[in-house]
>>> print(open('entry_21.pdb').read())   # PDB, C-alpha atoms
MODEL        1
ATOM      1  CA  ASP A 571     -75.855 -13.728   8.472
ATOM      2  CA  ALA A 572     -73.938 -16.044  10.811
ATOM      3  CA  GLY A 573     -73.332 -18.660   8.153
ATOM      4  CA  VAL A 574     -73.499 -22.398   8.754
ATOM      5  CA  ILE A 575     -72.713 -23.166  12.378
ATOM      6  CA  GLN A 576     -71.223 -26.468  13.431
ATOM      7  CA  SER A 577     -70.492 -27.756  16.898
ATOM      8  CA  PRO A 578     -68.295 -28.836  18.435
ATOM      9  CA  ARG A 579     -65.213 -27.585  16.566
ATOM     10  CA  HIS A 580     -63.110 -30.370  17.964
ATOM     11  CA  GLU A 581     -64.107 -33.702  19.446
ATOM     12  CA  VAL A 582     -61.777 -36.272  20.949
ATOM     13  CA  THR A 583     -63.332 -39.509  22.073
ATOM     14  CA  GLU A 584     -62.449 -43.097  22.769
ATOM     15  CA  MET A 585     -63.308 -45.978  20.516
ATOM     16  CA  GLY A 586     -66.776 -47.306  21.212
ATOM     17  CA  GLN A 587     -68.234 -44.029  22.416
ATOM     18  CA  GLU A 588     -71.157 -42.296  20.777
ATOM     19  CA  VAL A 589     -70.412 -39.062  18.923
ATOM     20  CA  THR A 590     -72.976 -36.465  17.909
ATOM     21  CA  LEU A 591     -72.113 -33.643  15.538
ATOM     22  CA  ARG A 592     -74.463 -30.691  15.166
ATOM     23  CA  CYS A 593     -75.246 -28.275  12.387
ATOM     24  CA  LYS A 594     -77.357 -25.164  12.042
ATOM     25  CA  PRO A 595     -77.827 -24.255   8.368
ATOM     26  CA  ILE A 596     -78.331 -20.779   6.990
ATOM     27  CA  SER A 597     -81.891 -19.607   7.477
ATOM     28  CA  GLY A 598     -83.937 -20.032   4.303
ATOM     29  CA  HIS A 599     -81.712 -22.703   2.797
ATOM     30  CA  ASN A 600     -83.622 -25.803   1.689
ATOM     31  CA  SER A 601     -80.785 -28.271   1.229
ATOM     32  CA  LEU A 602     -78.321 -29.576   3.787
ATOM     33  CA  PHE A 603     -75.254 -31.742   3.179
ATOM     34  CA  TRP A 604     -72.875 -33.692   5.397
ATOM     35  CA  TYR A 605     -69.350 -34.289   4.050
ATOM     36  CA  ARG A 606     -66.331 -36.023   5.516
ATOM     37  CA  GLN A 607     -62.775 -34.970   4.624
ATOM     38  CA  THR A 608     -59.632 -37.058   5.037
ATOM     39  CA  MET A 609     -56.231 -36.908   3.403
ATOM     40  CA  MET A 610     -56.671 -40.340   1.892
ATOM     41  CA  ARG A 611     -60.226 -40.066   0.544
ATOM     42  CA  GLY A 612     -60.706 -36.339   0.081
ATOM     43  CA  LEU A 613     -64.204 -34.908   0.444
ATOM     44  CA  GLU A 614     -66.891 -37.564   0.584
ATOM     45  CA  LEU A 615     -70.592 -36.797   0.553
ATOM     46  CA  LEU A 616     -72.258 -38.767   3.327
ATOM     47  CA  ILE A 617     -75.879 -37.665   3.048
ATOM     48  CA  TYR A 618     -78.011 -34.777   1.898
ATOM     49  CA  PHE A 619     -81.473 -33.487   2.745
ATOM     50  CA  ASN A 620     -83.975 -31.429   0.799
ATOM     51  CA  ASN A 621     -86.683 -29.738   2.851
ATOM     52  CA  ASN A 622     -85.652 -31.834   5.880
ATOM     53  CA  VAL A 623     -86.108 -35.125   3.990
ATOM     54  CA  PRO A 624     -83.082 -37.387   3.378
ATOM     55  CA  ILE A 625     -82.628 -37.690  -0.383
ATOM     56  CA  ASP A 626     -79.429 -39.673  -0.783
ATOM     57  CA  ASP A 627     -77.620 -41.478   2.023
ATOM     58  CA  SER A 628     -75.595 -43.787  -0.213
ATOM     59  CA  GLY A 629     -72.388 -42.239   1.101
ATOM     60  CA  MET A 630     -73.044 -43.176   4.720
ATOM     61  CA  PRO A 631     -70.272 -45.687   5.333
ATOM     62  CA  GLU A 632     -71.985 -48.045   7.756
ATOM     63  CA  ASP A 633     -75.004 -48.551   9.972
ATOM     64  CA  ARG A 634     -72.979 -46.959  12.727
ATOM     65  CA  PHE A 635     -73.651 -43.626  11.038
ATOM     66  CA  SER A 636     -77.028 -41.926  11.164
ATOM     67  CA  ALA A 637     -78.228 -38.420  10.343
ATOM     68  CA  LYS A 638     -81.390 -36.557  11.196
ATOM     69  CA  MET A 639     -82.940 -33.251  10.333
ATOM     70  CA  PRO A 640     -85.901 -32.753  12.677
ATOM     71  CA  ASN A 641     -86.531 -29.224  11.415
ATOM     72  CA  ALA A 642     -85.222 -26.671   8.926
ATOM     73  CA  SER A 643     -82.750 -25.164  11.370
ATOM     74  CA  PHE A 644     -81.000 -28.180  12.837
ATOM     75  CA  SER A 645     -79.311 -31.406  11.806
ATOM     76  CA  THR A 646     -77.245 -34.039  13.588
ATOM     77  CA  LEU A 647     -74.794 -36.674  12.452
ATOM     78  CA  LYS A 648     -74.342 -39.480  14.939
ATOM     79  CA  ILE A 649     -71.710 -42.204  15.043
ATOM     80  CA  GLN A 650     -72.378 -45.091  17.396
ATOM     81  CA  PRO A 651     -70.088 -46.791  18.219
ATOM     82  CA  SER A 652     -67.164 -44.720  17.000
ATOM     83  CA  GLU A 653     -63.971 -46.285  15.642
ATOM     84  CA  PRO A 654     -60.465 -44.832  15.037
ATOM     85  CA  ARG A 655     -61.029 -44.931  11.266
ATOM     86  CA  ASP A 656     -63.854 -42.435  11.700
ATOM     87  CA  SER A 657     -61.275 -39.775  12.548
ATOM     88  CA  ALA A 658     -61.741 -36.982  10.014
ATOM     89  CA  VAL A 659     -63.080 -33.476   9.584
ATOM     90  CA  TYR A 660     -66.847 -33.493   9.162
ATOM     91  CA  PHE A 661     -68.413 -30.600   7.288
ATOM     92  CA  CYS A 662     -71.987 -29.481   7.111
ATOM     93  CA  ALA A 663     -73.100 -27.302   4.207
ATOM     94  CA  SER A 664     -76.387 -25.751   3.163
ATOM     95  CA  SER A 665     -77.744 -24.279  -0.049
ATOM     96  CA  LEU A 666     -80.850 -22.673  -1.492
ATOM     97  CA  GLY A 667     -81.628 -25.858  -3.394
ATOM     98  CA  GLU A 668     -80.296 -28.531  -5.689
ATOM     99  CA  GLY A 669     -77.589 -27.191  -7.966
ATOM    100  CA  SER A 670     -77.031 -24.015  -5.962
ATOM    101  CA  PRO A 671     -73.662 -23.144  -4.424
ATOM    102  CA  LEU A 672     -72.935 -24.647  -1.032
ATOM    103  CA  HIS A 673     -72.134 -22.669   2.085
ATOM    104  CA  PHE A 674     -69.886 -24.634   4.391
ATOM    105  CA  GLY A 675     -69.439 -24.526   8.128
ATOM    106  CA  ASN A 676     -65.925 -24.616   9.573
ATOM    107  CA  GLY A 677     -66.184 -28.302  10.316
ATOM    108  CA  THR A 678     -65.810 -30.587  13.302
ATOM    109  CA  ARG A 679     -62.430 -32.265  13.677
ATOM    110  CA  LEU A 680     -63.123 -35.703  15.139
ATOM    111  CA  THR A 681     -60.390 -37.802  16.681
ATOM    112  CA  VAL A 682     -61.234 -41.297  17.864
ATOM    113  CA  THR A 683     -58.521 -42.949  19.921
TER     114      THR A 683
ATOM    115  CA  SER B 308     -66.985 -43.483  -8.661
ATOM    116  CA  GLN B 309     -68.153 -40.235 -10.231
ATOM    117  CA  GLN B 310     -65.461 -38.271  -8.469
ATOM    118  CA  GLY B 311     -63.546 -36.071 -10.878
ATOM    119  CA  GLU B 312     -59.837 -35.629 -11.039
ATOM    120  CA  GLU B 313     -57.804 -32.469 -10.695
ATOM    121  CA  ASP B 314     -54.335 -31.622 -11.783
ATOM    122  CA  PRO B 315     -51.869 -30.663 -10.721
ATOM    123  CA  GLN B 316     -52.189 -31.969  -7.179
ATOM    124  CA  ALA B 317     -49.855 -29.199  -6.059
ATOM    125  CA  LEU B 318     -48.712 -25.962  -7.651
ATOM    126  CA  SER B 319     -46.117 -23.509  -6.418
ATOM    127  CA  ILE B 320     -45.707 -20.109  -8.094
ATOM    128  CA  GLN B 321     -44.398 -16.623  -7.413
ATOM    129  CA  GLU B 322     -46.627 -13.699  -6.597
ATOM    130  CA  GLY B 323     -47.787 -11.990  -9.763
ATOM    131  CA  GLU B 324     -47.759 -15.137 -11.876
ATOM    132  CA  ASN B 325     -50.899 -16.817 -13.185
ATOM    133  CA  ALA B 326     -52.102 -20.127 -11.767
ATOM    134  CA  THR B 327     -54.039 -22.658 -13.820
ATOM    135  CA  MET B 328     -55.798 -25.663 -12.339
ATOM    136  CA  ASN B 329     -57.600 -28.332 -14.320
ATOM    137  CA  CYS B 330     -60.500 -30.585 -13.533
ATOM    138  CA  SER B 331     -61.919 -33.561 -15.412
ATOM    139  CA  TYR B 332     -65.207 -35.311 -14.775
ATOM    140  CA  LYS B 333     -66.806 -38.502 -15.938
ATOM    141  CA  THR B 334     -70.408 -38.120 -17.081
ATOM    142  CA  SER B 335     -72.825 -35.390 -18.146
ATOM    143  CA  ILE B 336     -73.141 -32.547 -15.698
ATOM    144  CA  ASN B 337     -75.730 -29.953 -14.831
ATOM    145  CA  ASN B 338     -73.160 -27.457 -13.605
ATOM    146  CA  LEU B 339     -69.617 -27.316 -12.295
ATOM    147  CA  GLN B 340     -68.446 -25.255  -9.351
ATOM    148  CA  TRP B 341     -65.087 -24.185  -7.969
ATOM    149  CA  TYR B 342     -64.343 -23.816  -4.275
ATOM    150  CA  ARG B 343     -61.428 -22.638  -2.193
ATOM    151  CA  GLN B 344     -60.351 -23.977   1.197
ATOM    152  CA  ASN B 345     -57.943 -22.295   3.535
ATOM    153  CA  SER B 346     -56.195 -24.477   6.064
ATOM    154  CA  GLY B 347     -58.475 -25.439   8.933
ATOM    155  CA  ARG B 348     -61.546 -23.819   7.427
ATOM    156  CA  GLY B 349     -64.595 -24.795   5.452
ATOM    157  CA  LEU B 350     -64.822 -24.500   1.695
ATOM    158  CA  VAL B 351     -65.858 -21.220   0.119
ATOM    159  CA  HIS B 352     -67.710 -21.065  -3.189
ATOM    160  CA  LEU B 353     -65.878 -19.133  -5.914
ATOM    161  CA  ILE B 354     -67.738 -19.530  -9.174
ATOM    162  CA  LEU B 355     -70.382 -21.678 -10.892
ATOM    163  CA  ILE B 356     -70.492 -22.471 -14.603
ATOM    164  CA  ARG B 357     -73.482 -24.149 -16.213
ATOM    165  CA  SER B 358     -73.243 -26.916 -18.772
ATOM    166  CA  ASN B 359     -74.363 -24.569 -21.566
ATOM    167  CA  GLU B 360     -71.699 -21.971 -20.736
ATOM    168  CA  ARG B 361     -68.129 -22.047 -21.998
ATOM    169  CA  GLU B 362     -66.422 -19.327 -20.006
ATOM    170  CA  LYS B 363     -67.073 -17.228 -16.947
ATOM    171  CA  HIS B 364     -65.182 -14.469 -15.158
ATOM    172  CA  SER B 365     -65.210 -13.172 -11.618
ATOM    173  CA  GLY B 366     -62.564 -10.616 -10.715
ATOM    174  CA  ARG B 367     -59.166 -12.299 -11.192
ATOM    175  CA  LEU B 368     -60.806 -15.679 -11.747
ATOM    176  CA  ARG B 369     -61.570 -17.157 -15.140
ATOM    177  CA  VAL B 370     -63.273 -20.516 -15.529
ATOM    178  CA  THR B 371     -63.696 -22.448 -18.756
ATOM    179  CA  LEU B 372     -65.783 -25.519 -19.451
ATOM    180  CA  ASP B 373     -65.345 -27.963 -22.331
ATOM    181  CA  THR B 374     -68.188 -30.461 -22.213
ATOM    182  CA  SER B 375     -66.841 -32.420 -25.181
ATOM    183  CA  LYS B 376     -63.662 -33.146 -23.228
ATOM    184  CA  LYS B 377     -65.466 -33.256 -19.883
ATOM    185  CA  SER B 378     -63.010 -30.806 -18.421
ATOM    186  CA  SER B 379     -62.827 -27.412 -16.775
ATOM    187  CA  SER B 380     -60.037 -25.076 -15.830
ATOM    188  CA  LEU B 381     -59.643 -22.328 -13.251
ATOM    189  CA  LEU B 382     -57.232 -19.507 -13.991
ATOM    190  CA  ILE B 383     -56.175 -17.088 -11.272
ATOM    191  CA  THR B 384     -54.425 -14.094 -12.770
ATOM    192  CA  ALA B 385     -51.826 -11.933 -11.018
ATOM    193  CA  SER B 386     -51.712 -14.245  -8.017
ATOM    194  CA  ARG B 387     -51.148 -12.990  -4.485
ATOM    195  CA  ALA B 388     -49.751 -14.683  -1.402
ATOM    196  CA  ALA B 389     -53.289 -14.573   0.009
ATOM    197  CA  ASP B 390     -54.422 -16.900  -2.805
ATOM    198  CA  THR B 391     -52.511 -19.728  -1.113
ATOM    199  CA  ALA B 392     -55.141 -22.393  -0.451
ATOM    200  CA  SER B 393     -56.560 -25.629  -1.807
ATOM    201  CA  TYR B 394     -58.896 -25.349  -4.771
ATOM    202  CA  PHE B 395     -61.583 -27.883  -5.568
ATOM    203  CA  CYS B 396     -63.871 -28.443  -8.487
ATOM    204  CA  ALA B 397     -67.240 -30.012  -7.863
ATOM    205  CA  ALA B 398     -69.871 -31.236 -10.275
ATOM    206  CA  ILE B 399     -73.607 -31.635 -10.164
ATOM    207  CA  TYR B 400     -74.325 -34.630 -12.335
ATOM    208  CA  ASN B 401     -77.474 -34.877 -14.412
ATOM    209  CA  GLN B 402     -78.511 -38.023 -12.588
ATOM    210  CA  GLY B 403     -78.952 -36.337  -9.249
ATOM    211  CA  GLY B 404     -78.643 -33.235  -7.131
ATOM    212  CA  LYS B 405     -75.572 -34.073  -5.152
ATOM    213  CA  LEU B 406     -72.309 -32.177  -5.494
ATOM    214  CA  ILE B 407     -69.291 -34.437  -6.007
ATOM    215  CA  PHE B 408     -65.856 -32.956  -5.295
ATOM    216  CA  GLY B 409     -62.507 -33.620  -6.895
ATOM    217  CA  GLN B 410     -59.361 -34.245  -4.881
ATOM    218  CA  GLY B 411     -58.220 -30.636  -5.102
ATOM    219  CA  THR B 412     -55.134 -28.674  -6.079
ATOM    220  CA  GLU B 413     -52.935 -27.229  -3.367
ATOM    221  CA  LEU B 414     -51.738 -23.810  -4.506
ATOM    222  CA  SER B 415     -48.811 -22.060  -2.873
ATOM    223  CA  VAL B 416     -48.066 -18.472  -3.887
ATOM    224  CA  LYS B 417     -44.700 -17.256  -2.671
ATOM    225  CA  PRO B 418     -44.219 -13.548  -1.984
TER     226      PRO B 418
ENDMDL
END
>>> encode(input="entry_21.pdb", output="structure tokens")
Amino acid sequence: DAGVIQSPRHEVTEMGQEVTLRCKPISGHNSLFWYRQTMMRGLELLIYFNNNVPIDDSGMPEDRFSAKMPNASFSTLKIQPSEPRDSAVYFCASSLGEGSPLHFGNGTRLTVT
Amino acid sequence: SQQGEEDPQALSIQEGENATMNCSYKTSINNLQWYRQNSGRGLVHLILIRSNEREKHSGRLRVTLDTSKKSSSLLITASRAADTASYFCAAIYNQGGKLIFGQGTELSVKP
């Protein structure tokens, strides 16, 4: 099993540009989570999906952030326009269902200058 | 915020010693999980304890849960330099299915 795959591993962009982060969950997992990690705020849950349907997006900081899961094997997190304060490590995780342990990808380190 | 708290924030010990990390949470939980994160990597699940369990073991790991005090602890026995990492507790609250993480404990095990 390849685990959760995220791309890119690193992204450096200028303020105002659109950023798209990608995630391929583990095959057979029904739940997918997007987290953001910073030194100041720790790990914050942005949004999670069950069976490709967004269940809770209360952690999405602003309308500039959007997430989609068009099918069971792919999800995107988009920031448009990006701002320096969006700089963080973004993690995608998947699980067999609510309450089950999460399997994390290695994250995307985003730097917005 | 439902985010729990962990203490200590940082812990430095010698190889062979035991390491204990504590986690407190705020409302009723469905289960509580512990994760480990090595620098630059994603989190790795270590152990899950359900709200009706009091203690659980996995190798050198021992987790306890006290629902009356809304707290949990992770004990790593006979620590090794390779145990150096950040450790996080995370709770599934009864009100929903999302996993909320604490701020983590940074463990350093010196050889």
>>> closest_residue(input="entry_21.pdb", among="A:Gln607, A:Ser577, A:Gln587, A:Thr681", to="Gln410 of chain B", atoms="all atoms listed in the file")
A:Gln607
>>> resolve_selection(input="entry_21.pdb", expression="the PyMOL selection byres ((chain B) within 7 of (chain A))", output="PyMOL selection string")
chain B and resi 348-352+399+404+408+410
>>> resolve_selection(input="entry_21.pdb", expression="the PyMOL selection byres ((chain A and resi 580) around 7)", output="list in words")
Pro578, Arg579, Glu581, Val582, Thr678, Arg679 and Leu680 of chain A
>>> resolve_selection(input="entry_21.pdb", expression="the PyMOL selection byres ((chain B and resi 323) around 8)", output="PyMOL selection string")
chain B and resi 321-322+324-325+384-387
>>> axis_aligned_box(input="entry_21.pdb", around="segment 317-323 of chain B", padding_each_side="8 Å", output="AutoDock Vina command-line options")
--center_x -47.1 --center_y -20.6 --center_z -7.9 --size_x 21.5 --size_y 33.2 --size_z 19.7
>>> closest_residue(input="entry_21.pdb", among="A:Ser652, A:Ser636, A:Asn641, A:Gln576", to="Gly598 of chain A", atoms="all atoms listed in the file")
A:Asn641
>>> residues_near_point(input="entry_21.pdb", point="(-68.8, -44.0, 10.4)", cutoff="8 Å", atoms="all atoms listed in the file", output="number ranges by chain")
A: 630-635, 649-650, 652-653, 655-656
>>> write_last_selection(input="entry_21.pdb", atoms="C-alpha atoms", output="PDB file, in the frame of the given file")
ATOM      1  CA  MET A 630     -73.044 -43.176   4.720  1.00  0.00           C
ATOM      2  CA  PRO A 631     -70.272 -45.687   5.333  1.00  0.00           C
ATOM      3  CA  GLU A 632     -71.985 -48.045   7.756  1.00  0.00           C
ATOM      4  CA  ASP A 633     -75.004 -48.551   9.972  1.00  0.00           C
ATOM      5  CA  ARG A 634     -72.979 -46.959  12.727  1.00  0.00           C
ATOM      6  CA  PHE A 635     -73.651 -43.626  11.038  1.00  0.00           C
ATOM      7  CA  ILE A 649     -71.710 -42.204  15.043  1.00  0.00           C
ATOM      8  CA  GLN A 650     -72.378 -45.091  17.396  1.00  0.00           C
ATOM      9  CA  SER A 652     -67.164 -44.720  17.000  1.00  0.00           C
ATOM     10  CA  GLU A 653     -63.971 -46.285  15.642  1.00  0.00           C
ATOM     11  CA  ARG A 655     -61.029 -44.931  11.266  1.00  0.00           C
ATOM     12  CA  ASP A 656     -63.854 -42.435  11.700  1.00  0.00           C
TER      13      ASP A 656
END
>>> atom_distance(input="entry_21.pdb", atom1="atom CA of Asn338 of chain B", atom2="atom CA of Ile356 of chain B")
5.7 Å
>>> atom_distance(input="entry_21.pdb", atom1="atom CA of Asp390 of chain B", atom2="atom CA of Thr371 of chain B")
19.3 Å
>>> residues_around(input="entry_21.pdb", residues="Ser375 of chain B", least_positions_apart="4", cutoff="12 Å", atoms="all atoms listed in the file", output="list in words")
Ser331, Tyr332, Lys333, Thr334, Ser335, Ile336, Ser358, Asn359, Arg361 and Ser379 of chain B
>>> atom_distance(input="entry_21.pdb", atom1="atom CA of Ser346 of chain B", atom2="atom CA of Val416 of chain B")
14.2 Å
>>> closest_residue(input="entry_21.pdb", among="B:Lys363, B:Lys376, B:Arg343, B:Arg369", to="Tyr394 of chain B", atoms="only C-alpha atoms")
B:Arg343
